[in-house]
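Reproduced below: protein-v8.cif, with mmCIF, C-alpha atoms and all ligand atoms.
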data_work
#
loop_
_atom_site.label_atom_id
_atom_site.label_comp_id
_atom_site.auth_asym_id
_atom_site.auth_seq_id
_atom_site.Cartn_x
_atom_site.Cartn_y
_atom_site.Cartn_z
CA MET X 155 104.79 259.29 190.07
CA GLU X 156 101.87 259.36 192.51
CA ASN X 157 99.20 256.74 192.12
CA TYR X 158 95.41 256.66 192.40
CA TYR X 159 93.17 253.84 193.41
CA ARG X 160 89.79 254.42 191.85
CA ASN X 161 88.89 254.28 188.16
CA THR X 162 87.78 257.88 187.78
CA TRP X 163 90.10 260.66 186.76
CA ILE X 164 90.56 264.01 184.97
CA GLU X 165 93.05 264.42 182.12
CA ILE X 166 94.58 267.86 181.67
CA ASP X 167 96.37 268.78 178.46
CA LEU X 168 99.09 271.20 179.57
CA ASP X 169 100.29 271.83 176.01
CA ASN X 170 96.84 273.05 175.03
CA ILE X 171 96.65 275.43 177.99
CA LYS X 172 100.00 276.90 176.98
CA HIS X 173 98.91 277.07 173.35
CA ASN X 174 95.70 278.90 174.35
CA ILE X 175 97.56 281.45 176.48
CA ASN X 176 100.00 282.12 173.63
CA GLU X 177 97.15 282.38 171.11
CA ILE X 178 95.31 284.97 173.21
CA LYS X 179 98.50 286.92 173.89
CA GLU X 180 99.40 286.97 170.19
CA LYS X 181 95.94 287.81 168.85
CA CYS X 182 94.45 290.00 171.59
CA SER X 183 97.15 291.29 173.89
CA LYS X 184 100.30 291.60 171.83
CA ASP X 185 101.14 295.12 172.92
CA LYS X 186 99.66 294.84 176.41
CA TYR X 187 100.42 292.81 179.50
CA LEU X 188 98.39 289.63 179.88
CA PHE X 189 97.39 288.17 183.25
CA ALA X 190 96.31 284.53 183.05
CA VAL X 191 93.51 284.10 185.58
CA ILE X 192 94.19 280.89 187.52
CA LYS X 193 91.93 281.31 190.54
CA GLY X 194 89.58 278.51 191.64
CA ASP X 195 92.43 275.97 191.33
CA ALA X 196 92.99 277.25 187.78
CA TYR X 197 89.32 276.69 186.98
CA GLY X 198 89.66 273.13 188.29
CA HIS X 199 92.77 272.38 186.22
CA GLY X 200 95.24 272.57 189.13
CA LEU X 201 96.77 275.81 190.39
CA LYS X 202 100.34 274.56 190.77
CA GLN X 203 100.52 272.83 187.39
CA VAL X 204 98.85 275.68 185.50
CA SER X 205 101.13 278.22 187.18
CA ASP X 206 104.09 276.21 185.80
CA ILE X 207 102.55 276.61 182.35
CA VAL X 208 101.96 280.34 182.82
CA VAL X 209 105.69 280.70 183.49
CA GLU X 210 106.50 278.84 180.27
CA SER X 211 103.94 280.82 178.24
CA SER X 212 103.91 284.35 176.88
CA ALA X 213 101.65 285.61 179.71
CA ASP X 214 103.13 288.40 181.83
CA GLY X 215 101.68 287.28 185.13
CA CYS X 216 98.77 285.57 186.79
CA ALA X 217 95.73 286.58 188.79
CA VAL X 218 94.14 284.64 191.65
CA ALA X 219 91.29 285.35 194.06
CA THR X 220 92.82 284.75 197.48
CA LEU X 221 96.06 285.18 199.37
CA ASP X 222 96.33 281.41 199.92
CA GLU X 223 96.20 280.86 196.16
CA ALA X 224 98.84 283.54 195.66
CA LEU X 225 101.09 281.99 198.31
CA LEU X 226 100.85 278.63 196.57
CA VAL X 227 101.87 280.20 193.25
CA LYS X 228 104.76 282.05 194.93
CA LYS X 229 105.93 278.88 196.66
CA TYR X 230 106.86 277.51 193.24
CA HIS X 231 107.39 280.68 191.21
CA LYS X 232 108.89 283.49 193.24
CA ASP X 233 109.25 285.70 190.18
CA LEU X 234 105.83 285.16 188.63
CA LYS X 235 103.81 288.36 188.95
CA THR X 236 100.78 287.40 191.02
CA LEU X 237 97.81 289.68 191.53
CA VAL X 238 95.14 288.90 194.13
CA LEU X 239 91.84 290.10 192.65
CA GLY X 240 89.84 289.87 195.89
CA ILE X 241 90.00 291.68 199.22
CA ILE X 242 92.30 290.02 201.72
CA PRO X 243 92.03 290.36 205.52
CA ASP X 244 93.78 293.53 206.78
CA GLU X 245 96.03 291.57 209.08
CA GLN X 246 97.52 289.69 206.10
CA TYR X 247 98.99 292.73 204.30
CA GLN X 248 102.46 292.07 205.70
CA THR X 249 102.36 288.44 204.49
CA ALA X 250 101.45 289.63 201.00
CA CYS X 251 104.28 292.16 201.09
CA ASP X 252 106.82 289.60 202.34
CA ASN X 253 105.96 287.33 199.43
CA ASP X 254 105.93 289.99 196.68
CA ILE X 255 102.23 289.49 196.06
CA THR X 256 100.31 292.30 194.37
CA LEU X 257 97.18 293.35 196.25
CA THR X 258 93.84 294.84 195.33
CA ILE X 259 92.64 297.84 197.32
CA ALA X 260 88.91 298.54 197.24
CA THR X 261 88.19 300.92 200.14
CA LYS X 262 89.56 304.10 201.71
CA GLU X 263 89.73 302.35 205.09
CA SER X 264 92.08 299.69 203.76
CA ALA X 265 94.20 302.41 202.14
CA GLN X 266 94.49 304.10 205.54
CA LEU X 267 95.48 300.87 207.21
CA LEU X 268 98.02 300.01 204.55
CA ALA X 269 99.55 303.47 204.69
CA SER X 270 100.05 303.15 208.45
CA LEU X 271 102.05 299.92 208.17
CA ASN X 272 105.76 299.78 208.75
CA LEU X 273 106.50 297.77 205.61
CA ASN X 274 109.98 296.37 205.19
CA LYS X 275 109.87 296.28 201.39
CA GLU X 276 107.88 297.55 198.43
CA LEU X 277 104.21 296.58 198.33
CA LEU X 278 102.52 296.62 194.93
CA ILE X 279 98.85 297.46 194.76
CA HIS X 280 96.07 297.80 192.18
CA ILE X 281 93.02 299.96 192.80
CA LYS X 282 89.69 298.30 192.11
CA VAL X 283 86.99 300.50 190.63
CA ASN X 284 83.34 299.53 190.86
CA THR X 285 81.85 300.64 187.55
CA GLY X 286 78.66 298.59 187.76
CA MET X 287 79.39 295.03 188.91
CA ASN X 288 78.59 296.24 192.42
CA ARG X 289 80.66 293.60 194.15
CA ILE X 290 83.85 295.31 195.36
CA GLY X 291 85.64 298.54 194.52
CA PHE X 292 85.63 302.33 194.78
CA ILE X 293 82.67 304.09 193.20
CA ASP X 294 83.57 307.71 193.68
CA ILE X 295 86.51 309.35 191.86
CA ASP X 296 87.20 311.77 194.72
CA GLU X 297 87.42 308.85 197.11
CA ILE X 298 90.01 307.18 194.87
CA LYS X 299 91.98 310.45 194.83
CA GLU X 300 91.87 310.59 198.62
CA ALA X 301 92.99 306.95 198.83
CA ILE X 302 95.89 307.63 196.47
CA THR X 303 96.97 310.64 198.57
CA ILE X 304 96.83 308.50 201.71
CA LEU X 305 98.74 305.60 200.13
CA GLU X 306 101.41 307.91 198.74
CA GLN X 307 102.34 308.87 202.31
CA ASN X 308 103.90 305.43 202.66
CA LYS X 309 106.96 305.38 200.42
CA LYS X 310 107.02 301.59 200.37
CA ILE X 311 103.67 301.44 198.57
CA ASN X 312 103.68 301.38 194.79
CA ILE X 313 100.25 302.06 193.26
CA GLU X 314 101.04 300.34 190.00
CA GLY X 315 97.59 299.39 188.75
CA ILE X 316 93.91 300.19 188.42
CA PHE X 317 91.15 297.90 187.19
CA THR X 318 87.47 297.16 186.97
CA HIS X 319 85.40 294.08 186.21
CA PHE X 320 82.45 293.77 183.82
CA ALA X 321 79.13 292.28 184.85
CA THR X 322 77.71 291.48 181.41
CA ALA X 323 80.68 290.71 179.14
CA GLU X 324 79.14 287.41 178.02
CA ASP X 325 75.60 288.73 177.56
CA TYR X 326 75.02 289.92 174.01
CA ASP X 327 71.63 291.34 175.02
CA LYS X 328 73.25 293.54 177.68
CA GLU X 329 75.98 295.23 175.66
CA ASP X 330 74.75 298.69 176.67
CA TYR X 331 75.67 297.88 180.25
CA LEU X 332 79.10 296.64 179.20
CA MET X 333 79.75 299.84 177.25
CA MET X 334 78.47 301.92 180.17
CA GLN X 335 81.01 300.22 182.47
CA LEU X 336 83.81 300.61 179.93
CA ASN X 337 83.07 304.30 179.47
CA ARG X 338 82.84 304.85 183.20
CA PHE X 339 86.22 303.15 183.70
CA LYS X 340 87.76 305.32 180.97
CA GLU X 341 86.31 308.40 182.63
CA VAL X 342 87.82 307.42 186.00
CA VAL X 343 91.25 306.63 184.52
CA THR X 344 91.30 309.84 182.47
CA ASN X 345 90.18 311.97 185.38
CA LEU X 346 92.79 310.50 187.76
CA ASN X 347 95.55 311.19 185.24
CA TYR X 348 97.90 309.00 187.27
CA ASP X 349 100.82 307.11 185.83
CA PHE X 350 99.58 303.54 186.35
CA LYS X 351 101.66 300.77 184.82
CA TYR X 352 98.72 298.37 184.63
CA ILE X 353 95.30 299.61 183.54
CA HIS X 354 92.97 296.67 182.93
CA CYS X 355 89.29 295.83 182.60
CA THR X 356 88.76 292.84 180.32
CA ASN X 357 87.83 289.27 181.12
CA SER X 358 87.76 286.59 178.42
CA ALA X 359 84.52 287.53 176.66
CA SER X 360 85.15 291.28 176.69
CA LEU X 361 88.78 290.81 175.61
CA LEU X 362 87.81 288.85 172.51
CA LYS X 363 85.00 291.26 171.65
CA LEU X 364 86.62 294.58 172.44
CA HIS X 365 90.40 294.30 172.26
CA GLU X 366 90.60 296.26 169.02
CA HIS X 367 88.45 299.05 170.47
CA ILE X 368 90.02 299.68 173.87
CA ASP X 369 92.92 302.09 173.56
CA PHE X 370 93.41 303.46 177.08
CA THR X 371 94.32 300.21 178.90
CA THR X 372 97.75 298.60 179.20
CA ALA X 373 96.86 295.10 180.38
CA ASN X 374 94.27 292.31 180.03
CA ARG X 375 93.03 289.53 182.27
CA CYS X 376 91.46 286.35 181.07
CA GLY X 377 90.50 282.98 182.49
CA ILE X 378 87.82 280.81 180.97
CA VAL X 379 88.96 281.12 177.34
CA LEU X 380 92.34 279.66 178.31
CA TYR X 381 90.50 276.48 179.32
CA CYS X 382 88.51 276.37 176.06
CA ALA X 383 85.23 276.95 177.82
CA LEU X 384 84.07 280.35 176.60
CA GLU X 385 80.99 280.02 174.45
CA ASP X 386 81.07 283.11 172.34
CA LYS X 387 80.23 283.81 168.72
CA VAL X 388 83.63 285.42 168.06
CA LEU X 389 85.55 282.38 169.29
CA TYR X 390 85.79 280.81 165.82
CA GLN X 391 88.36 283.51 164.98
CA TYR X 392 90.80 281.98 167.44
CA ASP X 393 92.58 278.65 167.62
CA ILE X 394 91.59 277.56 171.12
CA LYS X 395 92.05 273.91 172.06
CA PRO X 396 90.32 271.71 174.68
CA THR X 397 92.19 271.21 177.93
CA PHE X 398 90.04 268.97 180.15
CA LYS X 399 88.64 265.42 179.96
CA LEU X 400 86.72 263.50 182.59
CA LYS X 401 86.92 259.72 182.41
CA SER X 402 85.94 256.62 184.34
CA LYS X 403 85.91 252.85 183.85
CA ILE X 404 83.05 250.40 184.01
CA ALA X 405 82.95 248.61 187.38
CA GLN X 406 80.03 246.25 186.68
CA VAL X 407 77.70 245.29 183.81
CA GLN X 408 74.28 243.67 184.19
CA VAL X 409 71.77 242.52 181.58
CA TYR X 410 68.22 242.98 182.93
CA GLU X 411 64.78 241.95 181.78
CA LYS X 412 62.12 244.58 181.01
CA GLY X 413 60.62 246.29 184.09
CA LYS X 414 63.67 246.24 186.38
CA LYS X 415 63.86 249.25 188.71
CA ILE X 416 67.21 251.05 188.81
CA GLY X 417 68.79 253.11 191.60
CA TYR X 418 67.61 255.47 194.35
CA SER X 419 63.90 256.29 194.29
CA ILE X 420 63.67 253.77 191.38
CA ARG X 421 63.48 256.63 188.88
CA TYR X 422 64.29 254.42 185.89
CA THR X 423 62.66 251.18 184.80
CA THR X 424 64.27 249.09 182.06
CA GLU X 425 62.26 249.43 178.87
CA LYS X 426 62.98 246.08 177.20
CA ASP X 427 64.44 242.63 177.84
CA ASN X 428 68.22 242.21 177.64
CA GLU X 429 68.84 245.84 178.56
CA ILE X 430 72.51 246.49 179.28
CA ILE X 431 73.16 248.58 182.39
CA ALA X 432 76.74 249.46 183.37
CA THR X 433 77.84 251.10 186.62
CA ILE X 434 80.78 253.47 186.90
CA PRO X 435 82.47 254.89 190.04
CA ILE X 436 81.66 258.58 189.83
CA GLY X 437 78.87 260.54 191.50
CA TYR X 438 77.79 263.91 192.69
CA ALA X 439 80.32 263.93 195.55
CA ASP X 440 82.98 264.00 192.85
CA GLY X 441 81.38 267.06 191.21
CA PHE X 442 79.31 265.27 188.58
CA ALA X 443 75.90 266.81 189.26
CA ARG X 444 72.63 264.90 189.52
CA ALA X 445 71.35 267.18 186.78
CA HIS X 446 73.36 265.15 184.23
CA THR X 447 70.93 262.26 184.46
CA LEU X 448 69.64 261.19 181.00
CA SER X 449 72.71 262.72 179.34
CA LYS X 450 75.24 260.89 177.17
CA VAL X 451 78.61 259.31 177.93
CA LYS X 452 80.82 257.40 175.52
CA VAL X 453 82.53 254.01 175.46
CA LYS X 454 84.67 253.42 172.38
CA GLU X 455 82.38 254.65 169.56
CA GLN X 456 79.14 253.98 171.44
CA TYR X 457 77.14 256.59 173.38
CA GLY X 458 75.27 255.40 176.47
CA THR X 459 72.60 257.22 178.47
CA ILE X 460 72.88 257.90 182.21
CA VAL X 461 69.72 256.47 183.81
CA GLY X 462 68.18 256.72 187.26
CA SER X 463 69.39 259.05 189.99
CA ILE X 464 73.09 259.82 190.00
CA CYS X 465 74.35 258.58 193.38
CA MET X 466 76.99 260.14 195.61
CA ASP X 467 79.77 257.87 194.29
CA GLN X 468 78.36 255.88 191.37
CA LEU X 469 76.02 256.14 188.42
CA MET X 470 74.34 253.79 186.00
CA ILE X 471 74.38 253.89 182.19
CA ARG X 472 72.18 252.18 179.60
CA PHE X 473 73.93 250.89 176.48
CA ASP X 474 72.52 249.33 173.30
CA ASP X 475 75.59 247.20 172.53
CA MET X 476 77.57 245.13 174.97
CA VAL X 477 80.21 246.88 177.11
CA HIS X 478 82.65 245.29 179.52
CA ILE X 479 84.18 245.77 182.95
CA ASN X 480 87.15 248.18 182.71
CA ASP X 481 86.01 249.73 179.43
CA GLU X 482 86.93 253.42 179.51
CA VAL X 483 83.97 255.81 179.75
CA ILE X 484 84.30 259.44 178.66
CA LEU X 485 82.08 261.93 180.50
CA ILE X 486 83.60 265.29 179.48
CA ASP X 487 85.59 265.84 176.30
CA GLY X 488 85.95 269.17 174.55
CA TYR X 489 86.46 267.41 171.22
CA ASP X 490 83.01 265.78 171.36
CA LYS X 491 79.88 267.89 170.93
CA GLU X 492 77.73 265.58 173.08
CA LEU X 493 80.27 265.58 175.88
CA ASN X 494 81.77 269.05 175.85
CA VAL X 495 81.52 271.41 178.76
CA PHE X 496 78.92 273.59 176.98
CA THR X 497 76.54 270.63 176.68
CA ARG X 498 77.25 269.72 180.30
CA CYS X 499 76.49 273.22 181.50
CA LYS X 500 73.15 273.35 179.66
CA GLN X 501 72.14 270.11 181.41
CA ALA X 502 73.10 271.49 184.80
CA GLN X 503 71.78 275.00 184.04
CA THR X 504 75.02 276.61 185.02
CA ILE X 505 78.11 278.17 183.47
CA THR X 506 81.24 276.40 182.29
CA HIS X 507 83.28 277.93 185.14
CA GLU X 508 81.13 276.03 187.64
CA ILE X 509 81.31 272.70 185.77
CA PHE X 510 85.12 272.75 185.96
CA THR X 511 85.44 273.93 189.54
CA ARG X 512 83.02 271.37 190.97
CA PHE X 513 85.46 268.46 190.76
CA GLY X 514 86.93 268.02 194.20
CA ASN X 515 89.80 266.22 195.83
CA ARG X 516 88.44 262.79 195.17
CA VAL X 517 89.08 262.91 191.43
CA PRO X 518 92.80 262.66 190.68
CA LYS X 519 94.23 264.74 187.87
CA LEU X 520 96.51 263.26 185.25
CA TYR X 521 98.69 265.79 183.46
CA TYR X 522 99.83 265.33 179.86
CA LYS X 523 102.59 267.02 177.89
CA ASN X 524 103.45 265.94 174.34
CA LYS X 525 100.68 263.34 174.75
CA GLU X 526 102.66 261.72 177.58
CA LEU X 527 101.59 261.40 181.18
CA VAL X 528 103.95 263.63 183.17
CA GLU X 529 102.25 263.94 186.56
CA ILE X 530 99.46 262.46 188.66
CA ASP X 531 97.95 264.66 191.34
CA ASN X 532 95.91 262.65 193.81
CA ALA X 533 95.07 265.50 196.18
CA LEU X 534 93.08 263.33 198.59
CA LEU X 535 96.11 261.32 199.64
CA LYS X 536 98.11 264.49 200.32
CA LYS X 537 95.89 265.44 203.26
C1 LIG O 601 87.95 290.18 188.74
C2 LIG O 601 87.99 289.10 187.69
N1 LIG O 601 88.78 289.28 186.62
C3 LIG O 601 88.86 288.35 185.65
C4 LIG O 601 88.13 287.19 185.72
C5 LIG O 601 88.24 286.19 184.60
O1 LIG O 601 87.02 286.02 183.93
P1 LIG O 601 86.86 284.98 182.74
O2 LIG O 601 87.09 283.65 183.32
O3 LIG O 601 85.47 285.16 182.28
O4 LIG O 601 87.89 285.33 181.73
C6 LIG O 601 87.30 286.96 186.80
C7 LIG O 601 86.50 285.72 186.88
O5 LIG O 601 85.52 285.54 187.49
C8 LIG O 601 87.23 287.95 187.84
O6 LIG O 601 86.45 287.78 188.91
#
Let me see whether you can do it: turn the structure in this file into structure tokens.
Ligand SMILES: Cc1ncc(COP(=O)(O)O)c(C=O)c1O
Amino acid sequence: MENYYRNTWIEIDLDNIKHNINEIKEKCSKDKYLFAVIKGDAYGHGLKQVSDIVVESSADGCAVATLDEALLVKKYHKDLKTLVLGIIPDEQYQTACDNDITLTIATKESAQLLASLNLNKELLIHIKVNTGMNRIGFIDIDEIKEAITILEQNKKINIEGIFTHFATAEDYDKEDYLMMQLNRFKEVVTNLNYDFKYIHCTNSASLLKLHEHIDFTTANRCGIVLYCALEDKVLYQYDIKPTFKLKSKIAQVQVYEKGKKIGYSIRYTTEKDNEIIATIPIGYADGFARAHTLSKVKVKEQYGTIVGSICMDQLMIRFDDMVHINDEVILIDGYDKELNVFTRCKQAQTITHEIFTRFGNRVPKLYYKNKELVEIDNALLKK
């Protein structure tokens, strides 16, 4: 097993990811295909390791954002259906085709280019429809029809899917917009009257909310719920388990008198004599944002408070009771309300997706199956 040389790490529970995929498939996508979204390094959980789990799970395929991500998945799982949700550079179409990667087509120009290629095997594509997200995709039905006619001229191209993406699936106060997009997508699909194998529009929030009400689709995509980080009022109906913990160990402990200044810009001053301040080796360069200052962390049963400015590589914590060098410190834990990713994202005024994807190469990932450590990924040392 690989090693790591700094006392800060992420623990990923692979069993819980698999359980969550199976739960969503069973409860929300039983009669439809399910694509597990594993872009952004599987929402910070590790693309390779999560793709292994997708293969073991009841999902029917995976979706990523870029061709590089798709190539990594295919390197390990040649037969795992892999859809690239984003636009790839024109000159990479042949690479996608060679590796049996399913592409998204969002413009007539790219359809023309694709159709002109001398492909040596079947290329699978999904058409992206812009129904209101206004990011990528066709807007006009006639333009989609023209693109289909163009693509059909190349017998190696298989237009097997069509999809859209919702802008407000998580916003309960913007449901009208969600329904407008859904209705528009239905209108496009009905009007095209084309025999697509995969018709899909949901992400996690819309899948949980709407799966019983969408009858014209054949597939679903979901990401964040698989990592137990969708905050939604319907979530209690599902058995979704935490997948991600962030931990560190105390590197130094000091007991200071009242009035001691702590850290950059001396933003914290000890409030009483005998104040216990511990330092741990994690900082904003690891993905733990400065916005988490004054938030809680936990050592054994005791919560401490992060004080002063969070540094690039270290941060300081105030404790009431004595702690010791090498004590384990928990910073993110889905089982703990103070430390879960929802609390962390309120502190940082962001969304859970961003909390997970911020952790870079410098934080090794430890993978667990059946509560046993099965793999250590120390990406920094692979460079
Ligand atoms: C096109 C597309 N589909 C699906 C998803 C998955 O969304 P979620 O993680 O909310 O399930 C995303 C995520 O951003 C996306 O961009």
At a cut-off of 12 Å from (87.0, 304.7, 178.8) in the coordinates of the file, what residues are picked up using all atoms listed in the file, written as a PDB file with C-alpha atoms, in the coordinates of the input?
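Below is the file that was written, out-v5.pdb:
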ATOM      1  CA  THR X 285      81.850 300.640 187.550  1.00  0.00           C
ATOM      2  CA  PHE X 317      91.150 297.900 187.190  1.00  0.00           C
ATOM      3  CA  THR X 318      87.470 297.160 186.970  1.00  0.00           C
ATOM      4  CA  LEU X 332      79.100 296.640 179.200  1.00  0.00           C
ATOM      5  CA  MET X 333      79.750 299.840 177.250  1.00  0.00           C
ATOM      6  CA  MET X 334      78.470 301.920 180.170  1.00  0.00           C
ATOM      7  CA  GLN X 335      81.010 300.220 182.470  1.00  0.00           C
ATOM      8  CA  LEU X 336      83.810 300.610 179.930  1.00  0.00           C
ATOM      9  CA  ASN X 337      83.070 304.300 179.470  1.00  0.00           C
ATOM     10  CA  ARG X 338      82.840 304.850 183.200  1.00  0.00           C
ATOM     11  CA  PHE X 339      86.220 303.150 183.700  1.00  0.00           C
ATOM     12  CA  LYS X 340      87.760 305.320 180.970  1.00  0.00           C
ATOM     13  CA  GLU X 341      86.310 308.400 182.630  1.00  0.00           C
ATOM     14  CA  VAL X 342      87.820 307.420 186.000  1.00  0.00           C
ATOM     15  CA  VAL X 343      91.250 306.630 184.520  1.00  0.00           C
ATOM     16  CA  THR X 344      91.300 309.840 182.470  1.00  0.00           C
ATOM     17  CA  ASN X 345      90.180 311.970 185.380  1.00  0.00           C
ATOM     18  CA  ILE X 353      95.300 299.610 183.540  1.00  0.00           C
ATOM     19  CA  HIS X 354      92.970 296.670 182.930  1.00  0.00           C
ATOM     20  CA  CYS X 355      89.290 295.830 182.600  1.00  0.00           C
ATOM     21  CA  LEU X 364      86.620 294.580 172.440  1.00  0.00           C
ATOM     22  CA  HIS X 367      88.450 299.050 170.470  1.00  0.00           C
ATOM     23  CA  ILE X 368      90.020 299.680 173.870  1.00  0.00           C
ATOM     24  CA  ASP X 369      92.920 302.090 173.560  1.00  0.00           C
ATOM     25  CA  PHE X 370      93.410 303.460 177.080  1.00  0.00           C
ATOM     26  CA  THR X 371      94.320 300.210 178.900  1.00  0.00           C
TER      27      THR X 371
END
**Item:** Contacts of Ile509 in chain X within 9 Å, only C-alpha atoms, excl. fewer than 5 positions in-chain, as a list in words
**Value:**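 Residues near the query, excluding close chain neighbours: Gly198, Gly441, Phe442, Ala443, Val495, Arg498, Cys499, Ala502 and Thr504 of chain X.
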**Message:** Residues near Pro396 in chain X, anyone? I mean within 12 Å using all atoms listed in the file, not counting same-chain ones fewer than 4 positions away, as a list in words.
**Reply:**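 In the requested form, the answer reads Glu165, Ile166, Asp167, Leu168, Asp169, Asn170, Ile171, Lys172, His173, Asn174, His199, Ile378, Val379, Leu380, Tyr381, Cys382, Ala383, Leu384, Leu400, Ile486, Asp487, Gly488, Tyr489, Asp490, Lys491, Leu493, Asn494, Val495 and Phe496 of chain X.
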Can I get the residues of chain X within 6 Å of ligand LIG 601 (chain O), each with the closest pair of atoms and their distance in Å to one decimal, using all atoms listed in the file, sorted chain first then ascending number, as a tab-separated table?
residue	atom	partner	partner_atom	distance
X:Val191	CA	O:LIG601	C5	5.8
X:Leu239	CA	O:LIG601	C1	5.5
X:His319	CA	O:LIG601	C1	5.3
X:Asn357	CA	O:LIG601	O4	4.0
X:Ser358	CA	O:LIG601	O4	3.5
X:Arg375	CA	O:LIG601	C3	5.5
X:Cys376	CA	O:LIG601	O4	3.8
X:Gly377	CA	O:LIG601	O2	3.6
X:Ile378	CA	O:LIG601	O2	3.8
**Request:** Give the answer as one residue: which of X:Lys537, X:Ile431, X:Gly200, X:Glu297 has the shortest atom-to-atom distance to Gln266 in chain X, using all atoms listed in the file?
**Result:**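 Nearest candidate to Gln266 in chain X out of X:Lys537, X:Ile431, X:Gly200, X:Glu297: X:Glu297.
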